[in-house]
file protein34.txt (compact mmCIF, C-alpha atoms)
# COMPACT_ATOMS: atom_id res chain seq x y z
CA MET A 1 0.00 0.00 0.00
CA SER A 2 1.41 3.38 -1.04
CA LYS A 3 1.44 6.00 1.66
CA LEU A 4 -0.15 8.33 -0.90
CA SER A 5 -3.10 6.00 -1.53
CA HIS A 6 -6.60 7.48 -1.47
CA ASP A 7 -8.05 4.09 -0.67
CA LYS A 8 -6.98 3.29 2.89
CA VAL A 9 -10.33 2.18 4.29
CA ALA A 10 -9.53 -1.39 5.28
CA THR A 11 -11.20 -4.69 6.02
CA ARG A 12 -10.63 -6.79 9.10
CA GLY A 13 -8.62 -9.27 7.05
CA GLN A 14 -6.22 -6.63 5.76
CA VAL A 15 -5.53 -5.44 9.29
CA GLU A 16 -5.27 -8.87 10.89
CA ALA A 17 -2.57 -9.89 8.40
CA HIS A 18 -0.25 -7.62 10.39
CA PHE A 19 -0.95 -9.22 13.79
CA LYS A 20 1.97 -11.59 14.42
CA SER A 21 3.18 -13.44 17.48
CA GLY A 22 6.27 -11.86 19.01
CA MET A 23 5.54 -8.44 17.49
CA THR A 24 5.85 -5.09 19.26
CA ILE A 25 2.68 -3.04 19.07
CA MET A 26 2.02 0.47 20.37
CA THR A 27 -1.50 1.62 21.08
CA GLY A 28 -2.88 5.09 21.65
CA GLY A 29 -5.52 6.39 24.00
CA PHE A 30 -5.68 7.83 27.48
CA GLY A 31 -8.51 6.15 29.33
CA MET A 32 -11.33 5.80 26.81
CA ALA A 33 -10.32 8.96 24.95
CA GLY A 34 -8.77 7.92 21.66
CA TYR A 35 -8.59 4.26 22.66
CA PRO A 36 -8.58 1.75 19.75
CA SER A 37 -11.02 -0.63 21.36
CA LEU A 38 -12.38 -2.33 18.21
CA LEU A 39 -8.83 -3.04 17.01
CA TYR A 40 -7.94 -4.44 20.44
CA ASP A 41 -10.89 -6.83 20.20
CA TRP A 42 -9.62 -8.01 16.81
CA LEU A 43 -6.10 -8.37 18.17
CA TYR A 44 -7.45 -10.45 21.04
CA GLU A 45 -9.48 -12.64 18.69
CA SER A 46 -6.45 -13.28 16.47
CA PRO A 47 -4.06 -16.08 17.49
CA VAL A 48 -1.16 -13.80 18.54
CA LYS A 49 0.92 -14.53 21.61
CA ASP A 50 4.21 -13.39 23.18
CA ILE A 51 3.55 -9.84 22.05
CA ASN A 52 5.11 -6.65 23.41
CA ILE A 53 2.63 -3.87 24.11
CA ILE A 54 3.48 -0.19 24.48
CA THR A 55 0.49 1.64 25.98
CA TYR A 56 -0.07 4.77 28.04
CA GLY A 57 -1.99 3.13 30.84
CA VAL A 58 -4.77 0.79 31.73
CA ALA A 59 -8.35 1.02 32.95
CA PRO A 60 -10.44 -1.39 35.01
CA PRO A 61 -10.57 -4.63 32.96
CA GLU A 62 -14.39 -4.73 32.97
CA TYR A 63 -14.78 -1.43 31.06
CA ALA A 64 -16.18 -2.20 27.60
CA TYR A 65 -13.39 -0.44 25.72
CA GLN A 66 -10.73 -2.26 27.74
CA VAL A 67 -11.94 -5.84 27.33
CA GLY A 68 -9.71 -6.95 24.42
CA PHE A 69 -6.58 -5.59 26.04
CA ALA A 70 -7.43 -6.95 29.48
CA LYS A 71 -8.08 -10.46 28.15
CA LEU A 72 -4.75 -10.53 26.28
CA ILE A 73 -3.05 -9.74 29.60
CA ALA A 74 -5.14 -12.16 31.67
CA GLU A 75 -4.47 -15.01 29.22
CA TYR A 76 -0.69 -14.52 29.47
CA ARG A 77 -0.33 -13.61 25.80
CA VAL A 78 1.76 -10.51 26.53
CA LYS A 79 5.49 -11.00 27.03
CA LYS A 80 6.33 -7.45 27.91
CA ILE A 81 4.38 -4.29 28.54
CA ALA A 82 5.73 -0.75 28.62
CA LEU A 83 3.37 1.70 30.29
CA THR A 84 3.07 4.64 32.65
CA HIS A 85 0.36 3.55 35.06
CA CYS A 86 -1.33 0.29 35.99
CA ALA A 87 -3.11 0.73 39.34
CA LEU A 88 -6.52 0.02 37.80
CA ASN A 89 -5.71 -3.47 36.50
CA PRO A 90 -4.40 -5.74 39.28
CA ASP A 91 -3.53 -8.50 36.76
CA ILE A 92 -0.51 -6.51 35.61
CA GLY A 93 1.28 -6.42 38.98
CA ARG A 94 0.23 -10.01 39.70
CA ILE A 95 1.49 -11.48 36.41
CA MET A 96 4.69 -9.44 36.73
CA ASN A 97 5.23 -10.88 40.21
CA GLU A 98 4.62 -14.39 38.83
CA GLY A 99 7.53 -13.72 36.48
CA ARG A 100 5.37 -14.26 33.40
CA MET A 101 5.42 -10.73 32.02
CA GLU A 102 8.03 -8.01 32.03
CA VAL A 103 6.81 -4.51 32.97
CA GLU A 104 8.71 -1.39 31.95
CA MET A 105 7.49 1.68 33.82
CA ILE A 106 7.93 4.95 31.92
CA PRO A 107 7.00 8.45 33.12
CA GLN A 108 4.20 9.87 30.96
CA GLY A 109 6.15 12.75 29.48
CA THR A 110 9.12 10.51 28.72
CA PHE A 111 6.76 7.99 27.12
CA ALA A 112 5.45 10.58 24.65
CA GLU A 113 8.91 11.96 23.92
CA ARG A 114 10.58 8.58 23.35
CA ILE A 115 7.93 7.75 20.76
CA ARG A 116 8.19 11.20 19.22
CA ALA A 117 11.99 10.82 19.04
CA ALA A 118 11.62 7.52 17.18
CA GLY A 119 9.18 9.03 14.71
CA HIS A 120 11.26 12.15 14.18
CA GLY A 121 14.53 10.34 13.54
CA LEU A 122 16.22 11.42 16.76
CA GLY A 123 18.63 9.27 18.74
CA GLY A 124 16.67 9.78 21.94
CA VAL A 125 15.76 12.60 24.29
CA LEU A 126 17.50 14.20 27.23
CA THR A 127 15.03 14.73 30.08
CA PRO A 128 15.44 15.76 33.71
CA THR A 129 12.49 13.51 34.59
CA GLY A 130 13.54 10.49 36.66
CA ILE A 131 16.96 11.79 37.75
CA GLY A 132 17.75 10.42 41.21
CA THR A 133 15.10 7.68 40.99
CA VAL A 134 15.25 3.94 40.27
CA LEU A 135 14.14 4.69 36.72
CA ALA A 136 17.55 6.26 36.10
CA GLU A 137 19.37 2.98 36.80
CA GLY A 138 21.39 1.78 33.84
CA LYS A 139 20.74 4.95 31.86
CA GLN A 140 23.36 7.42 30.72
CA ILE A 141 23.34 10.81 32.49
CA VAL A 142 24.35 13.76 30.34
CA ASN A 143 25.13 17.17 31.83
CA VAL A 144 24.04 20.04 29.60
CA GLN A 145 24.59 23.66 30.65
CA GLY A 146 25.00 22.58 34.26
CA ARG A 147 21.90 20.40 34.57
CA ASP A 148 21.76 16.59 34.60
CA TYR A 149 19.53 14.82 32.10
CA LEU A 150 18.73 11.17 31.47
CA LEU A 151 19.30 9.85 27.98
CA GLU A 152 16.05 8.10 27.05
CA GLU A 153 16.13 6.01 23.91
CA PRO A 154 13.63 6.10 21.03
CA LEU A 155 10.65 3.78 21.30
CA ARG A 156 9.31 2.17 18.11
CA ALA A 157 6.95 -0.60 17.12
CA GLN A 158 6.10 -2.75 14.15
CA VAL A 159 2.42 -1.86 14.42
CA ALA A 160 0.54 1.10 15.91
CA MET A 161 -3.19 0.99 16.65
CA ILE A 162 -4.83 4.34 17.30
CA ARG A 163 -8.27 5.93 17.25
CA ALA A 164 -9.33 9.17 15.57
CA GLU A 165 -12.77 10.82 15.41
CA LYS A 166 -12.60 11.90 11.77
CA ALA A 167 -10.54 10.76 8.78
CA ASP A 168 -10.51 10.92 5.02
CA LYS A 169 -9.67 7.97 2.80
CA MET A 170 -6.05 9.06 2.56
CA GLY A 171 -5.71 8.65 6.33
CA ASN A 172 -5.61 12.30 7.32
CA LEU A 173 -6.79 12.27 10.93
CA MET A 174 -8.65 14.54 13.32
CA PHE A 175 -9.08 14.04 17.05
CA LYS A 176 -11.43 15.65 19.56
CA ASN A 177 -10.81 16.97 23.05
CA THR A 178 -8.26 14.89 24.97
CA SER A 179 -8.36 12.00 22.48
CA ARG A 180 -5.24 13.41 20.83
CA ASN A 181 -2.95 12.23 23.66
CA VAL A 182 -0.28 9.94 22.13
CA ASN A 183 -2.35 9.21 19.01
CA THR A 184 -0.52 12.05 17.29
CA VAL A 185 3.01 10.81 18.00
CA MET A 186 2.57 7.07 17.43
CA PRO A 187 1.80 7.19 13.68
CA MET A 188 5.36 8.34 12.92
CA ALA A 189 6.99 5.65 15.07
CA ALA A 190 5.58 2.40 13.69
CA ASP A 191 5.99 0.47 10.44
CA ILE A 192 2.26 -0.16 10.03
CA VAL A 193 -0.30 2.31 11.37
CA ILE A 194 -3.95 1.37 11.78
CA ALA A 195 -6.49 4.01 12.78
CA GLU A 196 -10.02 3.16 13.83
CA VAL A 197 -12.54 5.91 13.14
CA PRO A 198 -16.34 6.05 13.68
CA VAL A 199 -17.97 5.18 10.35
CA SER A 200 -19.84 8.49 10.38
CA GLY A 201 -16.50 10.32 10.60
CA ILE A 202 -14.97 8.92 7.40
CA VAL A 203 -15.08 11.35 4.46
CA GLU A 204 -13.71 11.62 0.93
CA VAL A 205 -10.25 13.01 0.23
CA GLY A 206 -10.48 16.80 -0.01
CA GLU A 207 -13.44 17.06 2.35
CA MET A 208 -11.42 17.78 5.48
CA SER A 209 -10.34 21.36 6.01
CA ASP A 210 -6.64 21.91 6.35
CA CYS A 211 -6.82 22.96 9.99
CA GLU A 212 -8.79 19.85 10.92
CA VAL A 213 -5.90 17.57 10.00
CA MET A 214 -3.84 16.79 13.10
CA VAL A 215 -1.96 13.80 11.65
CA PRO A 216 -1.10 13.82 7.92
CA GLY A 217 -2.28 10.76 6.07
CA ILE A 218 1.18 9.76 4.83
CA PHE A 219 1.82 8.17 8.26
CA VAL A 220 -1.36 6.10 8.22
CA ASP A 221 -1.73 2.78 6.39
CA TYR A 222 -5.27 1.71 7.22
CA VAL A 223 -8.50 3.41 8.28
CA VAL A 224 -10.91 1.02 9.96
CA PRO A 225 -14.58 2.07 10.27
CA VAL A 226 -16.09 1.56 13.72
CA PRO A 227 -19.82 0.71 13.52
CA GLU A 228 -22.33 3.10 15.09
CA GLY A 229 -23.39 2.40 18.64
CA ARG A 230 -20.29 0.58 19.82
CA ARG A 231 -20.08 1.01 23.58
CA MET A 232 -16.95 2.48 25.22
CA ILE A 233 -17.96 2.22 28.90
CA MET B 234 -8.27 16.87 63.64
CA SER B 235 -11.37 14.79 63.41
CA ASN B 236 -11.05 11.23 62.18
CA ASN B 237 -13.54 11.91 59.44
CA SER B 238 -11.29 11.48 56.43
CA SER B 239 -13.46 13.47 54.04
CA GLU B 240 -13.34 16.38 56.49
CA VAL B 241 -9.56 16.01 56.70
CA ARG B 242 -9.24 16.00 52.90
CA GLU B 243 -11.34 19.17 52.52
CA PHE B 244 -9.37 20.90 55.29
CA ILE B 245 -6.07 20.14 53.57
CA ALA B 246 -7.47 21.11 50.16
CA LYS B 247 -8.81 24.40 51.53
CA ASN B 248 -5.40 25.32 52.88
CA VAL B 249 -3.67 24.38 49.64
CA ALA B 250 -6.10 26.69 47.84
CA THR B 251 -4.87 29.63 49.96
CA LEU B 252 -1.42 29.19 48.36
CA LEU B 253 -2.68 29.74 44.81
CA GLU B 254 -2.28 33.11 43.15
CA GLU B 255 -3.98 35.12 40.43
CA GLY B 256 -3.13 33.83 36.98
CA ASN B 257 -1.70 30.48 38.10
CA LEU B 258 -1.76 27.52 35.73
CA VAL B 259 -2.25 24.62 38.14
CA ASN B 260 -2.07 20.84 37.81
CA LEU B 261 -3.89 18.70 40.37
CA GLY B 262 -2.75 15.15 41.07
CA ALA B 263 -5.03 12.30 42.14
CA GLY B 264 -6.50 12.07 45.65
CA ILE B 265 -6.58 15.07 48.00
CA PRO B 266 -5.36 17.54 45.32
CA THR B 267 -8.52 17.02 43.24
CA HIS B 268 -10.50 18.57 46.12
CA VAL B 269 -8.63 21.89 45.86
CA THR B 270 -11.04 23.12 43.16
CA ASN B 271 -13.82 23.19 45.79
CA HIS B 272 -11.99 25.93 47.68
CA VAL B 273 -10.32 28.31 45.22
CA SER B 274 -11.23 31.92 46.02
CA LYS B 275 -13.63 33.54 43.54
CA ASP B 276 -11.37 36.61 43.65
CA ILE B 277 -8.59 34.92 41.70
CA ASN B 278 -8.53 33.45 38.23
CA ILE B 279 -6.65 30.18 37.84
CA MET B 280 -6.80 27.52 35.13
CA LEU B 281 -6.41 23.78 35.59
CA HIS B 282 -4.02 21.83 33.41
CA ALA B 283 -4.71 18.10 32.92
CA GLU B 284 -1.57 16.37 31.69
CA CYS B 285 -3.40 14.19 29.19
CA GLY B 286 -3.75 17.35 27.10
CA LEU B 287 -6.10 20.04 28.41
CA ILE B 288 -5.95 23.52 29.90
CA GLY B 289 -9.32 24.53 31.33
CA CYS B 290 -10.43 21.29 32.92
CA GLY B 291 -13.96 21.73 34.32
CA PRO B 292 -16.03 19.73 36.80
CA LEU B 293 -16.53 15.97 36.27
CA ALA B 294 -19.08 15.05 33.59
CA HIS B 295 -22.27 13.23 34.54
CA GLY B 296 -25.07 11.61 32.53
CA ASP B 297 -25.59 13.27 29.16
CA GLU B 298 -22.47 15.40 29.60
CA VAL B 299 -20.20 12.37 29.23
CA ASP B 300 -18.18 12.51 25.99
CA TYR B 301 -15.85 9.57 25.42
CA THR B 302 -13.22 11.86 23.89
CA LEU B 303 -12.92 14.07 26.99
CA VAL B 304 -11.27 12.78 30.17
CA ASP B 305 -9.27 14.34 32.99
CA ALA B 306 -5.80 13.34 34.17
CA SER B 307 -7.30 10.47 36.17
CA THR B 308 -9.14 9.25 33.00
CA ARG B 309 -12.52 10.28 34.43
CA PRO B 310 -15.09 11.80 32.05
CA THR B 311 -14.84 15.53 32.55
CA THR B 312 -16.05 18.84 31.14
CA ARG B 313 -14.04 21.76 29.81
CA THR B 314 -14.39 25.47 30.48
CA TYR B 315 -15.50 27.87 27.72
CA ASP B 316 -11.92 29.20 27.46
CA SER B 317 -10.24 25.78 27.47
CA VAL B 318 -7.80 24.38 24.93
CA CYS B 319 -6.73 20.82 24.06
CA PHE B 320 -3.46 19.48 22.68
CA ASP B 321 -1.54 16.23 22.54
CA SER B 322 0.51 14.65 25.32
CA ALA B 323 3.89 15.60 23.89
CA LEU B 324 2.93 19.27 24.03
CA SER B 325 1.25 18.81 27.40
CA PHE B 326 4.44 17.52 28.95
CA GLY B 327 6.38 20.23 27.16
CA ILE B 328 4.20 22.67 29.11
CA ILE B 329 5.17 20.84 32.29
CA ARG B 330 8.90 20.28 31.78
CA GLY B 331 9.39 23.52 29.87
CA GLY B 332 8.60 25.63 32.91
CA HIS B 333 5.17 26.87 31.75
CA LEU B 334 3.23 25.30 34.62
CA ASP B 335 3.09 27.43 37.78
CA VAL B 336 1.97 24.95 40.40
CA SER B 337 1.79 21.17 40.69
CA ILE B 338 -0.12 19.74 43.65
CA LEU B 339 0.54 16.07 44.35
CA GLY B 340 -0.23 13.54 47.04
CA ALA B 341 2.70 11.68 48.62
CA LEU B 342 3.59 8.69 50.76
CA GLU B 343 6.72 10.36 52.17
CA VAL B 344 8.53 13.71 51.94
CA ASP B 345 11.96 14.42 53.40
CA GLU B 346 13.84 17.52 54.47
CA HIS B 347 15.83 17.58 51.23
CA GLY B 348 12.62 18.13 49.29
CA ASN B 349 12.64 14.55 48.04
CA MET B 350 9.29 12.85 47.62
CA ALA B 351 8.00 9.29 47.20
CA ASN B 352 4.54 8.53 45.85
CA TRP B 353 4.52 5.80 43.22
CA ILE B 354 5.43 2.39 44.59
CA ILE B 355 5.55 0.41 47.81
CA PRO B 356 7.93 -2.41 46.86
CA GLY B 357 6.33 -5.84 47.21
CA LYS B 358 2.92 -4.30 47.86
CA THR B 359 1.54 -1.87 45.33
CA LEU B 360 2.64 -0.96 41.84
CA ASN B 361 0.64 2.13 40.89
CA GLY B 362 2.97 3.39 38.26
CA VAL B 363 4.65 6.75 37.91
CA GLY B 364 2.06 8.36 35.64
CA GLY B 365 2.92 12.01 35.12
CA ALA B 366 4.23 12.62 38.65
CA MET B 367 7.97 12.54 37.87
CA ASP B 368 7.53 15.04 35.04
CA LEU B 369 5.32 17.28 37.18
CA CYS B 370 7.86 17.31 40.02
CA VAL B 371 10.81 18.34 37.90
CA GLY B 372 8.88 20.73 35.69
CA ALA B 373 6.46 22.77 37.79
CA LYS B 374 7.73 26.11 39.12
CA LYS B 375 6.25 25.26 42.51
CA LEU B 376 5.55 21.79 43.90
CA ILE B 377 3.03 21.53 46.74
CA VAL B 378 2.53 18.19 48.45
CA ALA B 379 -0.94 17.70 49.95
CA MET B 380 -1.17 14.72 52.28
CA GLU B 381 -2.15 13.52 55.74
CA HIS B 382 0.54 14.30 58.28
CA VAL B 383 0.98 10.73 59.53
CA THR B 384 0.28 7.23 58.21
CA LYS B 385 -2.79 5.21 59.20
CA LYS B 386 -0.59 3.68 61.89
CA GLY B 387 0.24 7.16 63.18
CA GLU B 388 3.83 7.20 61.93
CA PRO B 389 5.36 10.38 60.47
CA LYS B 390 5.33 10.77 56.69
CA ILE B 391 7.66 13.77 56.91
CA LEU B 392 11.14 12.33 57.41
CA LYS B 393 14.86 13.11 57.42
CA GLU B 394 15.27 10.72 54.47
CA CYS B 395 12.57 9.03 52.40
CA THR B 396 12.60 5.23 52.72
CA LEU B 397 10.49 4.42 49.63
CA PRO B 398 11.67 4.67 46.01
CA LEU B 399 11.73 8.36 45.10
CA THR B 400 9.58 10.22 42.62
CA CYS B 401 11.93 13.21 42.52
CA LEU B 402 15.01 14.81 44.11
CA HIS B 403 14.95 18.25 45.80
CA GLU B 404 11.75 19.49 44.20
CA VAL B 405 9.13 19.87 46.95
CA ASN B 406 8.56 23.48 48.03
CA VAL B 407 5.63 23.26 50.44
CA ILE B 408 3.83 20.52 52.37
CA VAL B 409 0.22 21.00 53.43
CA THR B 410 -1.19 18.45 55.87
CA ASP B 411 -4.04 18.17 58.35
CA MET B 412 -1.65 19.47 61.04
CA ALA B 413 0.56 22.07 59.40
CA ILE B 414 1.90 24.00 56.44
CA ILE B 415 5.65 23.49 56.14
CA ASP B 416 8.04 25.26 53.77
CA ILE B 417 11.12 23.38 52.59
CA THR B 418 14.07 25.79 52.45
CA ASP B 419 17.84 25.51 52.06
CA LYS B 420 18.11 25.73 55.85
CA GLY B 421 15.53 23.03 56.52
CA MET B 422 11.81 22.64 57.12
CA VAL B 423 10.13 25.79 58.37
CA LEU B 424 6.79 25.63 60.16
CA ARG B 425 4.63 28.24 58.44
CA ALA B 426 1.26 27.50 60.02
CA ILE B 427 -0.48 25.01 62.27
CA ALA B 428 -4.04 23.69 62.41
CA PRO B 429 -6.44 25.35 64.85
CA GLY B 430 -6.40 23.61 68.23
CA LEU B 431 -2.86 22.23 67.85
CA THR B 432 0.37 23.41 69.43
CA VAL B 433 3.79 23.59 67.81
CA GLU B 434 4.79 20.68 70.05
CA ASP B 435 1.90 18.56 68.70
CA VAL B 436 3.16 19.09 65.17
CA GLN B 437 6.82 18.46 66.06
CA LYS B 438 5.91 15.22 67.87
CA ASN B 439 4.31 13.86 64.68
CA THR B 440 7.12 14.97 62.37
CA GLY B 441 10.31 13.00 61.75
CA VAL B 442 12.41 16.14 61.23
CA ASP B 443 13.42 18.92 63.64
CA LEU B 444 11.31 21.81 62.39
CA ILE B 445 12.58 25.37 62.27
CA ILE B 446 10.10 27.44 64.29
CA PRO B 447 9.92 31.09 63.21
CA ASP B 448 8.92 33.86 65.64
CA ILE B 449 5.43 33.92 64.21
CA VAL B 450 3.68 30.67 63.27
CA GLY B 451 0.41 31.25 61.43
CA LYS B 452 -2.92 29.48 61.83
CA MET B 453 -4.32 27.34 59.03
CA VAL B 454 -7.81 28.28 57.81
CA SER B 455 -10.64 26.07 58.99
call {"tool": "encode", "arguments": {"input": "protein34.txt", "output": "structure tokens"}}
result
Amino acid sequence: MSKLSHDKVATRGQVEAHFKSGMTIMTGGFGMAGYPSLLYDWLYESPVKDINIITYGVAPPEYAYQVGFAKLIAEYRVKKIALTHCALNPDIGRIMNEGRMEVEMIPQGTFAERIRAAGHGLGGVLTPTGIGTVLAEGKQIVNVQGRDYLLEEPLRAQVAMIRAEKADKMGNLMFKNTSRNVNTVMPMAADIVIAEVPVSGIVEVGEMSDCEVMVPGIFVDYVVPVPEGRRMI
Amino acid sequence: MSNNSSEVREFIAKNVATLLEEGNLVNLGAGIPTHVTNHVSKDINIMLHAECGLIGCGPLAHGDEVDYTLVDASTRPTTRTYDSVCFDSALSFGIIRGGHLDVSILGALEVDEHGNMANWIIPGKTLNGVGGAMDLCVGAKKLIVAMEHVTKKGEPKILKECTLPLTCLHEVNVIVTDMAIIDITDKGMVLRAIAPGLTVEDVQKNTGVDLIIPDIVGKMVS
């Protein structure tokens, strides 16, 4: 698929072909805002295992939008998870303590910047966040203009799953309210980018105004329509 | 203080609110800090920053107000003020680390006299995650910790050295508890104010650090 294609609206089969055991996948959303819940259900229903997930945080596993993700975790199909917060899903701490999943804890701002660095071709970011804490262990400290910074490396994935509220068929994306979160940085940091969008929000190329476009379509491979009435909570 | 924990929370939040100033851009952490909005003086204009990507966070959303694209920093459905603005998380944390946020108010498990703070993990017990706290600590111009003065077992949470894994080094400026307001300075911890009905000795007895007692110690608002 050319990144300039005007025909990116995809079927389930096209998307699922990219779900592979052992892959690293990054997923957008903060709480339910901008969370790719339909794609997570498809990922869960595919036969993948031993996957690495990069996600901002987790919600209570019983929330409708969280079910696919939570079941992947509960069924021990995730080898490693990188996230910023996990208090709301006790399975994560439990499975980590059982030694059956690795957890990498990343401060929220560092999380966004490491992904941005990957997508922007940078060799990492220097951040003061985490200096003097256990999260600095094993990381290089660089002093710039008298202040210490941690060198945080770029974070990439083979696949990114995100959610937008409006898109055209070239994959230009618009988000609403706080659903932007990390959905704007992930599309540049993954080999294959899949965006789910409410079916009513998908328009023809040329129908989005320039200032509506928050992520240019060249970063997006597939636009997946989400049926009306799908429940988030 | 009464044992009623909701009363304690509101008392702490009310006193934190007295530290806010006209024009402040303020970020509220989870727990006690979220109650500060109940007490901000109508005479000053502040705006709330939610690190997920919002300036102008309004009250929580209920019923028909709930919009699945709009959540606060604790992922709860929220509303936004008429003068609010949204952006992505990279920019939101640029606001924080870049020195554009005036005040961060966070809960804590421990604070020590070096201004170090611990609030994200109790090894072997809870793994909450760091969330945005580490960024908020290093980035905000002023860091206020809002917490109960002692643990449920009655042990001091204000210590010479934190014992739990740290969230930040040397960043805390002020601690507001149910017993006192304490400033952290280069010379040590200075007792700024005490709760009505308590003596300086009461506060010192429940604090793991020798407090510096100025000539005039204020009274917290009740």
call {"tool": "closest_atom_pairs", "arguments": {"input": "protein34.txt", "of": "chain A", "to": "chain B", "cutoff": "6 Å", "atoms": "only C-alpha atoms", "output": "tab-separated table"}}
result
residue	atom	partner	partner_atom	distance
A:Gly31	CA	B:Thr308	CA	4.8
A:Ala33	CA	B:Thr302	CA	4.2
A:Thr84	CA	B:Gly364	CA	4.9
A:His85	CA	B:Gly362	CA	4.1
A:Cys86	CA	B:Asn361	CA	5.6
A:Ala87	CA	B:Asn361	CA	4.3
A:Pro107	CA	B:Gly364	CA	5.5
A:Gln108	CA	B:Gly365	CA	4.9
A:Gly109	CA	B:Phe326	CA	5.1
A:Ala112	CA	B:Ala323	CA	5.3
A:Thr129	CA	B:Asp368	CA	5.2
A:Gly132	CA	B:Leu402	CA	5.9
A:Thr133	CA	B:Leu399	CA	5.4
A:Asn177	CA	B:Leu303	CA	5.3
A:Thr178	CA	B:Leu303	CA	5.1
A:Ser179	CA	B:Thr302	CA	5.1
A:Arg180	CA	B:Asp321	CA	5.0
A:Asn181	CA	B:Asp321	CA	4.4
A:Val182	CA	B:Ser322	CA	5.7
call {"tool": "closest_residue", "arguments": {"input": "protein34.txt", "among": "A:Gln158, A:Gln66, A:Ser2, A:Ser200", "to": "Pro227 in chain A", "atoms": "all atoms listed in the file"}}
result
A:Ser200
call {"tool": "residues_around", "arguments": {"input": "protein34.txt", "residues": "Gly451 in chain B", "least_positions_apart": "4", "cutoff": "9 Å", "atoms": "all atoms listed in the file", "output": "number ranges by chain"}}
result
B: 414, 424-428
call {"tool": "closest_residue", "arguments": {"input": "protein34.txt", "among": "B:Ile245, B:Met453, B:Ile328, B:Leu342", "to": "Asp411 in chain B", "atoms": "all atoms listed in the file"}}
result
B:Ile245
call {"tool": "atom_distance", "arguments": {"input": "protein34.txt", "atom1": "CA of Asn439 in chain B", "atom2": "CA of Pro389 in chain B"}}
result
5.6 Å
call {"tool": "residues_near_point", "arguments": {"input": "protein34.txt", "point": "(5.8, 28.4, 54.7)", "cutoff": "10 Å", "atoms": "all atoms listed in the file", "output": "VMD selection string"}}
result
chain B and resid 252 406 to 409 413 to 418 422 to 426 447 450 to 451
call {"tool": "atom_distance", "arguments": {"input": "protein34.txt", "atom1": "CA of Val159 in chain A", "atom2": "CA of Ala118 in chain A"}}
result
13.4 Å
call {"tool": "atom_distance", "arguments": {"input": "protein34.txt", "atom1": "CA of Glu381 in chain B", "atom2": "CA of Val241 in chain B"}}
result
7.9 Å
call {"tool": "closest_residue", "arguments": {"input": "protein34.txt", "among": "B:Val405, B:Ala263, B:Ala341, B:Ile445", "to": "His382 in chain B", "atoms": "all atoms listed in the file"}}
result
B:Ala341
call {"tool": "closest_residue", "arguments": {"input": "protein34.txt", "among": "A:Met161, A:Ile51, A:Ile233, A:Val9", "to": "Glu204 in chain A", "atoms": "only C-alpha atoms"}}
result
A:Val9
call {"tool": "residues_around", "arguments": {"input": "protein34.txt", "residues": "Arg230 in chain A", "least_positions_apart": "3", "cutoff": "10 Å", "atoms": "only C-alpha atoms", "output": "list in words"}}
result
Ser37, Leu38, Ala64, Tyr65, Pro198, Val226, Pro227 and Ile233 of chain A
call {"tool": "residues_near_point", "arguments": {"input": "protein34.txt", "point": "(-5.9, 15.1, 46.1)", "cutoff": "10 Å", "atoms": "all atoms listed in the file", "output": "count of residues only"}}
result
21
call {"tool": "residues_around", "arguments": {"input": "protein34.txt", "residues": "range 186-195 of chain A", "least_positions_apart": "2", "cutoff": "10 Å", "atoms": "all atoms listed in the file", "output": "MDAnalysis selection string"}}
result
chainID A and resid 8:10 15 18 24:28 34 36 39 112 114:121 154:165 167 171:173 181:184 197 215:226
call {"tool": "build_atoms", "arguments": {"input": "protein34.txt", "residues": "range 256-264 of chain B", "atoms": "N, CA and C atoms", "output": "PDB file, in the coordinates of the input"}}
result
ATOM      1  N   GLY B 256      -3.807  34.134  38.238  1.00  0.00           N
ATOM      2  CA  GLY B 256      -3.130  33.830  36.980  1.00  0.00           C
ATOM      3  C   GLY B 256      -2.367  32.512  36.968  1.00  0.00           C
ATOM      4  N   ASN B 257      -2.447  31.752  38.047  1.00  0.00           N
ATOM      5  CA  ASN B 257      -1.700  30.480  38.100  1.00  0.00           C
ATOM      6  C   ASN B 257      -2.295  29.438  37.142  1.00  0.00           C
ATOM      7  N   LEU B 258      -1.390  28.742  36.448  1.00  0.00           N
ATOM      8  CA  LEU B 258      -1.760  27.520  35.730  1.00  0.00           C
ATOM      9  C   LEU B 258      -1.391  26.372  36.656  1.00  0.00           C
ATOM     10  N   VAL B 259      -2.398  25.566  37.023  1.00  0.00           N
ATOM     11  CA  VAL B 259      -2.250  24.620  38.140  1.00  0.00           C
ATOM     12  C   VAL B 259      -2.574  23.205  37.678  1.00  0.00           C
ATOM     13  N   ASN B 260      -1.777  22.251  38.091  1.00  0.00           N
ATOM     14  CA  ASN B 260      -2.070  20.840  37.810  1.00  0.00           C
ATOM     15  C   ASN B 260      -2.367  20.135  39.129  1.00  0.00           C
ATOM     16  N   LEU B 261      -3.495  19.408  39.157  1.00  0.00           N
ATOM     17  CA  LEU B 261      -3.890  18.700  40.370  1.00  0.00           C
ATOM     18  C   LEU B 261      -3.682  17.199  40.201  1.00  0.00           C
ATOM     19  N   GLY B 262      -2.930  16.596  41.104  1.00  0.00           N
ATOM     20  CA  GLY B 262      -2.750  15.150  41.070  1.00  0.00           C
ATOM     21  C   GLY B 262      -3.965  14.433  41.627  1.00  0.00           C
ATOM     22  N   ALA B 263      -3.913  13.109  41.648  1.00  0.00           N
ATOM     23  CA  ALA B 263      -5.030  12.300  42.140  1.00  0.00           C
ATOM     24  C   ALA B 263      -5.139  12.426  43.663  1.00  0.00           C
ATOM     25  N   GLY B 264      -6.312  12.081  44.187  1.00  0.00           N
ATOM     26  CA  GLY B 264      -6.500  12.070  45.650  1.00  0.00           C
ATOM     27  C   GLY B 264      -6.846  13.444  46.189  1.00  0.00           C
TER      28      GLY B 264
END
